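For reference, model.cif (mmCIF, C-alpha atoms):
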data_entry
#
loop_
_atom_site.group_PDB
_atom_site.id
_atom_site.type_symbol
_atom_site.label_atom_id
_atom_site.label_comp_id
_atom_site.auth_asym_id
_atom_site.auth_seq_id
_atom_site.Cartn_x
_atom_site.Cartn_y
_atom_site.Cartn_z
ATOM 1 C CA MET A 1 95.927 -33.794 9.784
ATOM 2 C CA ASP A 2 96.536 -34.049 6.023
ATOM 3 C CA THR A 3 96.682 -30.508 4.629
ATOM 4 C CA LYS A 4 98.054 -31.366 1.175
ATOM 5 C CA LYS A 5 95.892 -30.210 -1.704
ATOM 6 C CA PHE A 6 95.878 -31.830 -5.115
ATOM 7 C CA ASN A 7 94.693 -30.219 -8.333
ATOM 8 C CA ILE A 8 91.868 -32.542 -9.363
ATOM 9 C CA VAL A 9 90.010 -31.885 -12.608
ATOM 10 C CA GLY A 10 86.614 -33.025 -13.823
ATOM 11 C CA ILE A 11 86.502 -32.455 -17.585
ATOM 12 C CA GLY A 12 83.298 -32.749 -19.584
ATOM 13 C CA GLU A 13 79.755 -31.701 -18.845
ATOM 14 C CA ILE A 14 78.464 -29.140 -16.423
ATOM 15 C CA LEU A 15 74.726 -28.618 -16.538
ATOM 16 C CA TRP A 16 71.601 -28.175 -14.469
ATOM 17 C CA ASP A 17 69.699 -31.151 -13.084
ATOM 18 C CA ILE A 18 66.060 -30.075 -13.379
ATOM 19 C CA TYR A 19 63.672 -31.678 -10.913
ATOM 20 C CA GLU A 20 59.929 -31.117 -10.761
ATOM 21 C CA ASN A 21 60.148 -27.903 -8.786
ATOM 22 C CA LYS A 22 63.848 -27.057 -8.377
ATOM 23 C CA LYS A 23 67.246 -27.398 -9.998
ATOM 24 C CA PHE A 24 70.728 -28.397 -8.855
ATOM 25 C CA LEU A 25 74.164 -28.194 -10.441
ATOM 26 C CA GLY A 26 74.940 -31.417 -12.253
ATOM 27 C CA GLY A 27 77.112 -33.275 -14.724
ATOM 28 C CA ALA A 28 79.277 -36.148 -13.488
ATOM 29 C CA PRO A 29 82.695 -34.456 -13.954
ATOM 30 C CA ALA A 30 81.411 -31.257 -12.335
ATOM 31 C CA ASN A 31 79.890 -33.142 -9.404
ATOM 32 C CA PHE A 32 83.163 -35.016 -8.972
ATOM 33 C CA ALA A 33 85.219 -31.802 -8.892
ATOM 34 C CA ILE A 34 82.846 -30.174 -6.406
ATOM 35 C CA HIS A 35 83.140 -33.148 -4.052
ATOM 36 C CA CYS A 36 86.931 -33.141 -4.429
ATOM 37 C CA GLN A 37 86.902 -29.481 -3.387
ATOM 38 C CA GLN A 38 84.766 -30.222 -0.347
ATOM 39 C CA LEU A 39 87.144 -32.994 0.669
ATOM 40 C CA GLY A 40 89.986 -30.465 0.818
ATOM 41 C CA ASN A 41 91.524 -30.457 -2.644
ATOM 42 C CA THR A 42 91.465 -27.864 -5.396
ATOM 43 C CA GLY A 43 88.547 -29.113 -7.454
ATOM 44 C CA ILE A 44 88.562 -27.757 -11.002
ATOM 45 C CA ILE A 45 85.781 -28.017 -13.592
ATOM 46 C CA ALA A 46 86.709 -27.862 -17.270
ATOM 47 C CA SER A 47 83.561 -27.426 -19.311
ATOM 48 C CA ARG A 48 81.511 -25.038 -21.463
ATOM 49 C CA ILE A 49 78.272 -23.141 -20.809
ATOM 50 C CA GLY A 50 75.957 -20.994 -22.874
ATOM 51 C CA ASN A 51 75.752 -17.202 -22.866
ATOM 52 C CA ASP A 52 72.395 -17.418 -21.124
ATOM 53 C CA GLU A 53 70.756 -17.110 -17.739
ATOM 54 C CA LEU A 54 71.439 -20.742 -16.842
ATOM 55 C CA GLY A 55 75.101 -20.241 -17.697
ATOM 56 C CA ARG A 56 75.341 -17.186 -15.483
ATOM 57 C CA GLU A 57 73.703 -19.145 -12.681
ATOM 58 C CA VAL A 58 76.344 -21.867 -13.084
ATOM 59 C CA VAL A 59 79.148 -19.366 -12.543
ATOM 60 C CA ASN A 60 77.402 -17.688 -9.611
ATOM 61 C CA SER A 61 76.730 -21.016 -7.923
ATOM 62 C CA LEU A 62 80.351 -22.118 -8.282
ATOM 63 C CA HIS A 63 81.656 -18.846 -6.878
ATOM 64 C CA LYS A 64 79.340 -19.153 -3.879
ATOM 65 C CA ARG A 65 80.952 -22.514 -3.198
ATOM 66 C CA GLN A 66 84.493 -21.146 -3.582
ATOM 67 C CA LEU A 67 85.137 -22.967 -6.866
ATOM 68 C CA GLU A 68 86.820 -21.139 -9.709
ATOM 69 C CA SER A 69 85.284 -20.818 -13.162
ATOM 70 C CA ASN A 70 88.484 -20.020 -15.085
ATOM 71 C CA TYR A 71 88.245 -23.215 -17.116
ATOM 72 C CA ILE A 72 84.566 -22.962 -17.985
ATOM 73 C CA GLN A 73 84.245 -21.622 -21.509
ATOM 74 C CA LEU A 74 81.442 -19.405 -22.805
ATOM 75 C CA ASP A 75 79.566 -20.397 -25.962
ATOM 76 C CA PHE A 76 77.629 -17.684 -27.799
ATOM 77 C CA ASP A 77 75.739 -20.100 -30.059
ATOM 78 C CA LYS A 78 74.757 -23.086 -27.918
ATOM 79 C CA PRO A 79 72.746 -23.140 -24.668
ATOM 80 C CA THR A 80 73.791 -24.400 -21.260
ATOM 81 C CA GLY A 81 73.004 -28.091 -20.881
ATOM 82 C CA THR A 82 70.174 -29.407 -18.751
ATOM 83 C CA VAL A 83 68.953 -32.807 -17.610
ATOM 84 C CA LYS A 84 65.406 -33.601 -16.573
ATOM 85 C CA VAL A 85 65.570 -35.814 -13.488
ATOM 86 C CA ASN A 86 62.724 -38.097 -12.396
ATOM 87 C CA LEU A 87 63.091 -39.938 -9.098
ATOM 88 C CA ASP A 88 61.380 -43.221 -8.310
ATOM 89 C CA LYS A 89 60.043 -44.092 -4.861
ATOM 90 C CA ASN A 90 63.517 -45.246 -3.769
ATOM 91 C CA GLY A 91 65.242 -42.026 -4.823
ATOM 92 C CA ASN A 92 66.796 -43.545 -7.951
ATOM 93 C CA PRO A 93 66.963 -41.140 -10.909
ATOM 94 C CA GLN A 94 66.043 -41.411 -14.553
ATOM 95 C CA PHE A 95 67.668 -38.807 -16.839
ATOM 96 C CA GLU A 96 66.628 -37.002 -20.009
ATOM 97 C CA CYS A 97 69.602 -34.963 -21.253
ATOM 98 C CA THR A 98 69.393 -32.137 -23.782
ATOM 99 C CA THR A 99 71.537 -32.448 -26.913
ATOM 100 C CA ASP A 100 73.618 -30.060 -29.037
ATOM 101 C CA VAL A 101 74.461 -27.861 -26.066
ATOM 102 C CA ALA A 102 77.500 -25.854 -25.006
ATOM 103 C CA PHE A 103 79.498 -28.667 -23.371
ATOM 104 C CA ASP A 104 79.390 -30.566 -26.668
ATOM 105 C CA TYR A 105 81.712 -27.912 -28.130
ATOM 106 C CA LEU A 106 84.487 -27.771 -25.547
ATOM 107 C CA GLN A 107 87.687 -26.461 -27.153
ATOM 108 C CA LEU A 108 91.339 -26.966 -26.263
ATOM 109 C CA ASP A 109 92.341 -23.348 -25.664
ATOM 110 C CA SER A 110 95.516 -22.057 -24.008
ATOM 111 C CA LYS A 111 93.949 -22.196 -20.540
ATOM 112 C CA LEU A 112 93.038 -25.853 -20.847
ATOM 113 C CA SER A 113 96.429 -26.699 -22.311
ATOM 114 C CA GLN A 114 98.136 -25.079 -19.332
ATOM 115 C CA LEU A 115 95.785 -26.808 -16.886
ATOM 116 C CA ALA A 116 96.673 -30.170 -18.414
ATOM 117 C CA HIS A 117 100.291 -29.764 -17.324
ATOM 118 C CA HIS A 118 99.361 -28.859 -13.727
ATOM 119 C CA SER A 119 96.760 -31.510 -12.966
ATOM 120 C CA ASP A 120 97.342 -34.238 -10.400
ATOM 121 C CA ALA A 121 94.259 -36.265 -11.291
ATOM 122 C CA ILE A 122 91.528 -36.097 -13.918
ATOM 123 C CA LEU A 123 88.124 -37.692 -14.208
ATOM 124 C CA PHE A 124 86.431 -37.941 -17.593
ATOM 125 C CA GLY A 125 83.404 -39.777 -18.892
ATOM 126 C CA THR A 126 81.457 -40.811 -21.965
ATOM 127 C CA LEU A 127 78.610 -38.293 -22.273
ATOM 128 C CA ALA A 128 80.733 -35.232 -23.068
ATOM 129 C CA GLN A 129 82.483 -37.183 -25.821
ATOM 130 C CA ARG A 130 79.281 -37.711 -27.831
ATOM 131 C CA ASN A 131 80.214 -34.773 -30.090
ATOM 132 C CA ASP A 132 83.364 -34.961 -32.252
ATOM 133 C CA ARG A 133 84.550 -31.511 -31.115
ATOM 134 C CA SER A 134 84.401 -32.151 -27.400
ATOM 135 C CA ARG A 135 85.708 -35.725 -27.773
ATOM 136 C CA GLU A 136 88.785 -34.483 -29.609
ATOM 137 C CA THR A 137 89.333 -31.815 -26.952
ATOM 138 C CA ILE A 138 89.003 -34.203 -24.023
ATOM 139 C CA GLN A 139 91.301 -36.792 -25.522
ATOM 140 C CA LYS A 140 93.961 -34.214 -26.444
ATOM 141 C CA PHE A 141 93.725 -32.798 -22.920
ATOM 142 C CA LEU A 142 94.315 -36.250 -21.452
ATOM 143 C CA LYS A 143 97.319 -36.836 -23.694
ATOM 144 C CA LEU A 144 98.824 -33.518 -22.577
ATOM 145 C CA SER A 145 98.313 -34.407 -18.905
ATOM 146 C CA VAL A 146 101.362 -36.632 -18.732
ATOM 147 C CA ARG A 147 101.749 -36.598 -14.942
ATOM 148 C CA ALA A 148 98.076 -36.774 -13.957
ATOM 149 C CA PHE A 149 96.294 -39.896 -12.760
ATOM 150 C CA LYS A 150 93.335 -40.414 -15.106
ATOM 151 C CA ILE A 151 90.149 -42.198 -14.113
ATOM 152 C CA TYR A 152 87.493 -43.026 -16.671
ATOM 153 C CA ASP A 153 84.004 -42.950 -15.182
ATOM 154 C CA ILE A 154 82.256 -44.943 -17.910
ATOM 155 C CA ASN A 155 78.800 -43.551 -17.001
ATOM 156 C CA LEU A 156 76.971 -45.095 -19.974
ATOM 157 C CA ARG A 157 73.643 -43.891 -21.308
ATOM 158 C CA GLY A 158 72.880 -46.728 -23.707
ATOM 159 C CA TRP A 159 75.072 -48.707 -26.089
ATOM 160 C CA ASN A 160 75.700 -48.500 -29.821
ATOM 161 C CA LYS A 161 78.598 -48.550 -32.272
ATOM 162 C CA LYS A 162 79.606 -44.948 -31.548
ATOM 163 C CA ILE A 163 79.541 -45.395 -27.770
ATOM 164 C CA LYS A 164 81.594 -48.572 -28.118
ATOM 165 C CA GLU A 165 84.199 -46.598 -30.084
ATOM 166 C CA ILE A 166 84.281 -43.856 -27.431
ATOM 167 C CA VAL A 167 84.721 -46.430 -24.654
ATOM 168 C CA ASN A 168 87.566 -48.172 -26.462
ATOM 169 C CA GLN A 169 89.370 -44.868 -27.156
ATOM 170 C CA SER A 170 88.904 -43.782 -23.543
ATOM 171 C CA LEU A 171 90.245 -46.999 -22.075
ATOM 172 C CA ILE A 172 93.509 -46.426 -23.943
ATOM 173 C CA LEU A 173 93.923 -43.104 -22.126
ATOM 174 C CA ALA A 174 92.838 -44.197 -18.654
ATOM 175 C CA ASP A 175 94.843 -45.301 -15.621
ATOM 176 C CA ALA A 176 91.730 -46.628 -13.857
ATOM 177 C CA ILE A 177 88.040 -47.170 -14.474
ATOM 178 C CA LYS A 178 84.886 -46.767 -12.435
ATOM 179 C CA LEU A 179 81.600 -48.356 -13.440
ATOM 180 C CA ASN A 180 78.381 -49.603 -11.879
ATOM 181 C CA ASP A 181 76.768 -53.010 -12.179
ATOM 182 C CA ASP A 182 74.460 -51.934 -15.018
ATOM 183 C CA GLU A 183 77.429 -50.687 -17.036
ATOM 184 C CA LEU A 184 79.389 -53.839 -16.315
ATOM 185 C CA TYR A 185 76.470 -55.879 -17.630
ATOM 186 C CA ILE A 186 76.386 -53.806 -20.840
ATOM 187 C CA LEU A 187 80.099 -54.274 -21.461
ATOM 188 C CA ARG A 188 79.964 -57.995 -20.808
ATOM 189 C CA SER A 189 76.904 -58.371 -23.020
ATOM 190 C CA ALA A 190 78.808 -56.592 -25.794
ATOM 191 C CA GLY A 191 81.152 -59.554 -25.968
ATOM 192 C CA GLN A 192 83.703 -59.002 -23.187
ATOM 193 C CA PRO A 193 84.825 -62.213 -21.464
ATOM 194 C CA GLY A 194 84.610 -62.964 -17.752
ATOM 195 C CA THR A 195 82.480 -65.403 -15.789
ATOM 196 C CA ASP A 196 81.759 -63.099 -12.861
ATOM 197 C CA ASN A 197 82.247 -59.488 -11.789
ATOM 198 C CA ILE A 198 85.729 -59.924 -10.372
ATOM 199 C CA ALA A 199 86.945 -61.973 -13.341
ATOM 200 C CA PHE A 200 85.679 -59.275 -15.679
ATOM 201 C CA LEU A 201 87.361 -56.474 -13.720
ATOM 202 C CA LYS A 202 90.630 -58.416 -13.687
ATOM 203 C CA TYR A 203 90.308 -58.884 -17.433
ATOM 204 C CA MET A 204 89.769 -55.128 -17.924
ATOM 205 C CA ILE A 205 92.858 -54.335 -15.845
ATOM 206 C CA SER A 206 95.006 -56.780 -17.766
ATOM 207 C CA GLU A 207 93.643 -55.925 -21.214
ATOM 208 C CA HIS A 208 93.957 -52.147 -20.790
ATOM 209 C CA ASN A 209 96.972 -51.947 -18.459
ATOM 210 C CA LEU A 210 94.972 -50.287 -15.678
ATOM 211 C CA LYS A 211 96.123 -49.666 -12.121
ATOM 212 C CA PHE A 212 92.723 -50.457 -10.660
ATOM 213 C CA ALA A 213 89.041 -50.926 -11.431
ATOM 214 C CA ALA A 214 86.164 -49.851 -9.201
ATOM 215 C CA LEU A 215 82.702 -51.390 -9.396
ATOM 216 C CA THR A 216 79.931 -49.614 -7.468
ATOM 217 C CA LEU A 217 76.956 -51.644 -6.281
ATOM 218 C CA GLY A 218 74.746 -49.012 -4.640
ATOM 219 C CA GLU A 219 73.634 -50.004 -1.166
ATOM 220 C CA ASP A 220 75.483 -53.297 -1.617
ATOM 221 C CA GLY A 221 78.841 -51.532 -1.550
ATOM 222 C CA CYS A 222 81.648 -51.874 -4.052
ATOM 223 C CA ILE A 223 84.447 -54.020 -5.381
ATOM 224 C CA LEU A 224 87.920 -52.542 -5.876
ATOM 225 C CA VAL A 225 90.424 -54.543 -7.876
ATOM 226 C CA GLU A 226 94.140 -54.013 -8.389
ATOM 227 C CA PRO A 227 96.383 -56.472 -10.268
ATOM 228 C CA ASP A 228 97.362 -58.156 -6.998
ATOM 229 C CA GLU A 229 94.547 -57.271 -4.594
ATOM 230 C CA ILE A 230 90.751 -57.459 -4.401
ATOM 231 C CA VAL A 231 88.610 -55.690 -1.800
ATOM 232 C CA GLU A 232 84.854 -56.097 -1.424
ATOM 233 C CA HIS A 233 82.884 -53.730 0.813
ATOM 234 C CA LYS A 234 79.332 -54.559 1.878
ATOM 235 C CA GLY A 235 78.142 -50.949 1.774
ATOM 236 C CA ILE A 236 76.008 -48.853 4.080
ATOM 237 C CA LYS A 237 72.267 -49.391 4.437
ATOM 238 C CA ILE A 238 70.365 -46.119 4.420
ATOM 239 C CA ARG A 239 66.981 -44.767 3.398
ATOM 240 C CA PRO A 240 67.973 -42.556 0.455
ATOM 241 C CA ILE A 241 66.377 -39.248 -0.475
ATOM 242 C CA ASP A 242 68.102 -38.873 -3.839
ATOM 243 C CA THR A 243 70.855 -41.109 -5.219
ATOM 244 C CA THR A 244 71.760 -38.679 -8.022
ATOM 245 C CA GLY A 245 75.492 -38.037 -7.867
ATOM 246 C CA CYS A 246 76.307 -40.757 -5.340
ATOM 247 C CA GLY A 247 78.648 -42.391 -7.837
ATOM 248 C CA ASP A 248 80.364 -39.047 -8.435
ATOM 249 C CA ALA A 249 80.863 -38.592 -4.696
ATOM 250 C CA PHE A 250 82.220 -42.146 -4.508
ATOM 251 C CA ALA A 251 84.694 -41.351 -7.310
ATOM 252 C CA ALA A 252 85.824 -38.173 -5.567
ATOM 253 C CA ALA A 253 86.549 -40.000 -2.323
ATOM 254 C CA LEU A 254 88.202 -42.800 -4.277
ATOM 255 C CA ILE A 255 90.700 -40.434 -5.898
ATOM 256 C CA HIS A 256 91.104 -38.275 -2.784
ATOM 257 C CA TYR A 257 92.261 -41.228 -0.717
ATOM 258 C CA TYR A 258 94.106 -43.027 -3.518
ATOM 259 C CA LEU A 259 96.344 -39.995 -4.031
ATOM 260 C CA ARG A 260 97.097 -40.060 -0.307
ATOM 261 C CA GLY A 261 98.243 -43.660 -0.359
ATOM 262 C CA LYS A 262 95.408 -45.225 1.615
ATOM 263 C CA SER A 263 94.873 -48.969 1.446
ATOM 264 C CA LEU A 264 92.195 -50.407 -0.834
ATOM 265 C CA LYS A 265 90.223 -51.447 2.234
ATOM 266 C CA GLU A 266 90.246 -47.894 3.596
ATOM 267 C CA ILE A 267 89.433 -46.416 0.194
ATOM 268 C CA ALA A 268 86.444 -48.732 -0.266
ATOM 269 C CA ALA A 269 85.012 -47.916 3.161
ATOM 270 C CA LEU A 270 85.488 -44.163 2.892
ATOM 271 C CA SER A 271 84.194 -43.947 -0.682
ATOM 272 C CA ASN A 272 81.052 -45.859 0.257
ATOM 273 C CA LEU A 273 80.647 -43.592 3.256
ATOM 274 C CA LEU A 274 80.576 -40.427 1.137
ATOM 275 C CA GLY A 275 78.275 -41.983 -1.449
ATOM 276 C CA ALA A 276 75.806 -42.961 1.270
ATOM 277 C CA TYR A 277 75.984 -39.575 2.954
ATOM 278 C CA VAL A 278 75.193 -37.728 -0.287
ATOM 279 C CA ALA A 279 72.123 -39.933 -0.832
ATOM 280 C CA LEU A 280 70.570 -38.485 2.326
ATOM 281 C CA PHE A 281 70.129 -35.090 0.634
ATOM 282 C CA PRO A 282 68.485 -33.785 -2.542
ATOM 283 C CA GLY A 283 70.764 -32.982 -5.466
ATOM 284 C CA ALA A 284 74.128 -34.381 -6.491
ATOM 285 C CA THR A 285 76.378 -32.044 -4.495
ATOM 286 C CA PRO A 286 74.998 -31.191 -1.037
ATOM 287 C CA GLN A 287 77.325 -29.040 1.001
ATOM 288 C CA TYR A 288 79.174 -30.643 3.906
ATOM 289 C CA SER A 289 82.397 -30.393 5.839
ATOM 290 C CA THR A 290 84.912 -33.113 6.558
ATOM 291 C CA ALA A 291 83.910 -32.761 10.214
ATOM 292 C CA GLU A 292 80.301 -33.585 9.319
ATOM 293 C CA LEU A 293 81.457 -36.637 7.396
ATOM 294 C CA ALA A 294 83.526 -37.739 10.381
ATOM 295 C CA ARG A 295 80.478 -37.430 12.654
ATOM 296 C CA PHE A 296 78.405 -39.450 10.188
ATOM 297 C CA LYS A 297 81.057 -42.155 10.164
ATOM 298 C CA ASP A 298 81.413 -42.229 13.945
ATOM 299 C CA SER A 299 77.674 -42.288 14.593
ATOM 300 C CA GLU A 300 77.262 -45.524 12.599
ATOM 301 C CA LEU A 301 73.871 -44.321 11.445
ATOM 302 C CA ASN A 302 73.587 -47.268 9.100
ATOM 303 C CA LYS A 303 73.031 -49.528 12.113
ATOM 304 C CA LEU A 304 69.990 -47.631 13.371
ATOM 305 C CA PRO A 305 66.591 -49.118 12.497
ATOM 306 C CA ILE A 306 65.315 -45.773 11.221
ATOM 307 C CA LEU A 307 67.803 -45.959 8.363
ATOM 308 C CA SER A 308 67.303 -49.602 7.520
ATOM 309 C CA ASN A 309 65.544 -50.574 4.296
#
Can you give me the file's structure in the form of structure tokens?
Amino acid sequence: MDTKKFNIVGIGEILWDIYENKKFLGGAPANFAIHCQQLGNTGIIASRIGNDELGREVVNSLHKRQLESNYIQLDFDKPTGTVKVNLDKNGNPQFECTTDVAFDYLQLDSKLSQLAHHSDAILFGTLAQRNDRSRETIQKFLKLSVRAFKIYDINLRGWNKKIKEIVNQSLILADAIKLNDDELYILRSAGQPGTDNIAFLKYMISEHNLKFAALTLGEDGCILVEPDEIVEHKGIKIRPIDTTGCGDAFAAALIHYYLRGKSLKEIAALSNLLGAYVALFPGATPQYSTAELARFKDSELNKLPILSN
């Protein structure tokens, strides 16, 4: 049994996903770190919350799940971020994110500087870089993290000149990228070459000196590309309850197994497995044990008619 723990950081937004009648912890980097913790690592969230009731609930919820809050800053002027989540009949979310909130003002303090030097892997995205203050902090943090493996979860919410600039700056700092098919389409439409998905991913690896690129395709699986290897996984057919956070769970499994030297084929299968499992529950970070995941894998639930689309 692998008992090694890695310090894996999600830096950027932590917020509340607000559904019609309940709320769940959210924010892609935070979801990622929570899943990394549940997989057996030390998951660390670096973010900023408001001095308000929602902020206090963030800290309480993390402590209940045995995650530390030492790297979550307190803002006395800006509120804790929220996202209104609307699910369609297939459990796919649409998001409406508040602006000018606490995570937009993340600062590089002494705690974050120290964390940068002790991180094994870091996930960062685009949303938390929308403000100049937080973008500067995140990029300085990444530059300080000289020994960490850095994965850029592109996680686009639209496309314009500013977002294009953020993406280009982020790719310079990344060791790997993760994106979905919608985001790949946006990047290709913005003028990137490539005649198909794999050609585009190979171009991104070559152009930005990346170690790998991961394309998620929902129920259709994923494509993982390294300079000298390509793996396509067909995915797991389920009847989803809520697909919010499935990509974050996928990214957590991806890094968890990559750091442990698993093959691309194993990584693809296990990352899809966790993404599918999370979709069976409401919210982005349902609680589970590795034993429960193993039972889900062994049961081959995806082959049962009840879970077929």
Subject >> Given the PyMOL selection byres ((chain A and resi 152) around 10), the residues it picks as a ChimeraX atom specification >> reply: /A:122-126,150-151,153-155,167,170-171,173-179,213,251
**OP:** Can you turn the PyMOL selection byres ((chain A and resi 18-35) around 7) into a concrete residue list for this file, as number ranges by chain?
**Re:** A: 8-17, 36-39, 43-45, 82-86, 123-124, 245, 248-249, 251-252, 283-285
Could you take the residues named above and write them with C-alpha atoms, as a PDB file, in the frame of the given file?
ATOM      1  CA  ILE A   8      91.868 -32.542  -9.363  1.00  0.00           C
ATOM      2  CA  VAL A   9      90.010 -31.885 -12.608  1.00  0.00           C
ATOM      3  CA  GLY A  10      86.614 -33.025 -13.823  1.00  0.00           C
ATOM      4  CA  ILE A  11      86.502 -32.455 -17.585  1.00  0.00           C
ATOM      5  CA  GLY A  12      83.298 -32.749 -19.584  1.00  0.00           C
ATOM      6  CA  GLU A  13      79.755 -31.701 -18.845  1.00  0.00           C
ATOM      7  CA  ILE A  14      78.464 -29.140 -16.423  1.00  0.00           C
ATOM      8  CA  LEU A  15      74.726 -28.618 -16.538  1.00  0.00           C
ATOM      9  CA  TRP A  16      71.601 -28.175 -14.469  1.00  0.00           C
ATOM     10  CA  ASP A  17      69.699 -31.151 -13.084  1.00  0.00           C
ATOM     11  CA  CYS A  36      86.931 -33.141  -4.429  1.00  0.00           C
ATOM     12  CA  GLN A  37      86.902 -29.481  -3.387  1.00  0.00           C
ATOM     13  CA  GLN A  38      84.766 -30.222  -0.347  1.00  0.00           C
ATOM     14  CA  LEU A  39      87.144 -32.994   0.669  1.00  0.00           C
ATOM     15  CA  GLY A  43      88.547 -29.113  -7.454  1.00  0.00           C
ATOM     16  CA  ILE A  44      88.562 -27.757 -11.002  1.00  0.00           C
ATOM     17  CA  ILE A  45      85.781 -28.017 -13.592  1.00  0.00           C
ATOM     18  CA  THR A  82      70.174 -29.407 -18.751  1.00  0.00           C
ATOM     19  CA  VAL A  83      68.953 -32.807 -17.610  1.00  0.00           C
ATOM     20  CA  LYS A  84      65.406 -33.601 -16.573  1.00  0.00           C
ATOM     21  CA  VAL A  85      65.570 -35.814 -13.488  1.00  0.00           C
ATOM     22  CA  ASN A  86      62.724 -38.097 -12.396  1.00  0.00           C
ATOM     23  CA  LEU A 123      88.124 -37.692 -14.208  1.00  0.00           C
ATOM     24  CA  PHE A 124      86.431 -37.941 -17.593  1.00  0.00           C
ATOM     25  CA  GLY A 245      75.492 -38.037  -7.867  1.00  0.00           C
ATOM     26  CA  ASP A 248      80.364 -39.047  -8.435  1.00  0.00           C
ATOM     27  CA  ALA A 249      80.863 -38.592  -4.696  1.00  0.00           C
ATOM     28  CA  ALA A 251      84.694 -41.351  -7.310  1.00  0.00           C
ATOM     29  CA  ALA A 252      85.824 -38.173  -5.567  1.00  0.00           C
ATOM     30  CA  GLY A 283      70.764 -32.982  -5.466  1.00  0.00           C
ATOM     31  CA  ALA A 284      74.128 -34.381  -6.491  1.00  0.00           C
ATOM     32  CA  THR A 285      76.378 -32.044  -4.495  1.00  0.00           C
TER      33      THR A 285
END
**OP:** Run the PyMOL selection byres ((chain A and resi 289) around 12) on the file and write out the hits as a VMD selection string.
**Re:** chain A and resid 35 to 40 274 277 to 278 286 to 288 290 to 296
Original post:
What does the distance between CA of Lys237 (chain A) and CA of Glu266 (chain A) come to in Å, to one decimal place?
Top reply: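 Here the two named atoms are 18.1 Å from each other.
Nearest to Ala148 (chain A) of all the residues A:His233, A:Gly91, A:Ser119, A:Pro227 is A:Ser119, counting only C-alpha atoms.
Checking A:Asn7, A:Ser69, A:Asn90, A:Ser271 one by one against Gly221 (chain A), counting only C-alpha atoms, you find the shortest gap at A:Ser271.
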Proximity check region 53-106 of chain A to region 135-142 of chain A, 9 Å, nearest pairs one decimal Å, all atoms listed in the file, as CSV:
residue,atom,partner,partner_atom,distance
A:Asp104,CA,A:Arg135,CA,8.2
A:Tyr105,CA,A:Thr137,CA,8.6
A:Leu106,CA,A:Thr137,CA,6.5
**OP:** Figure out the distance between CA of Asn272 (chain A) and CA of Glu229 (chain A), please, to one decimal in Å.
**Re:**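 Separation between CA of Glu229 (chain A) and CA of Asn272 (chain A): 18.3 Å.
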Original post:
What is the CA of Asn60 (chain A) to CA of Asn41 (chain A) distance in Å?
Top reply: 20.3 Å
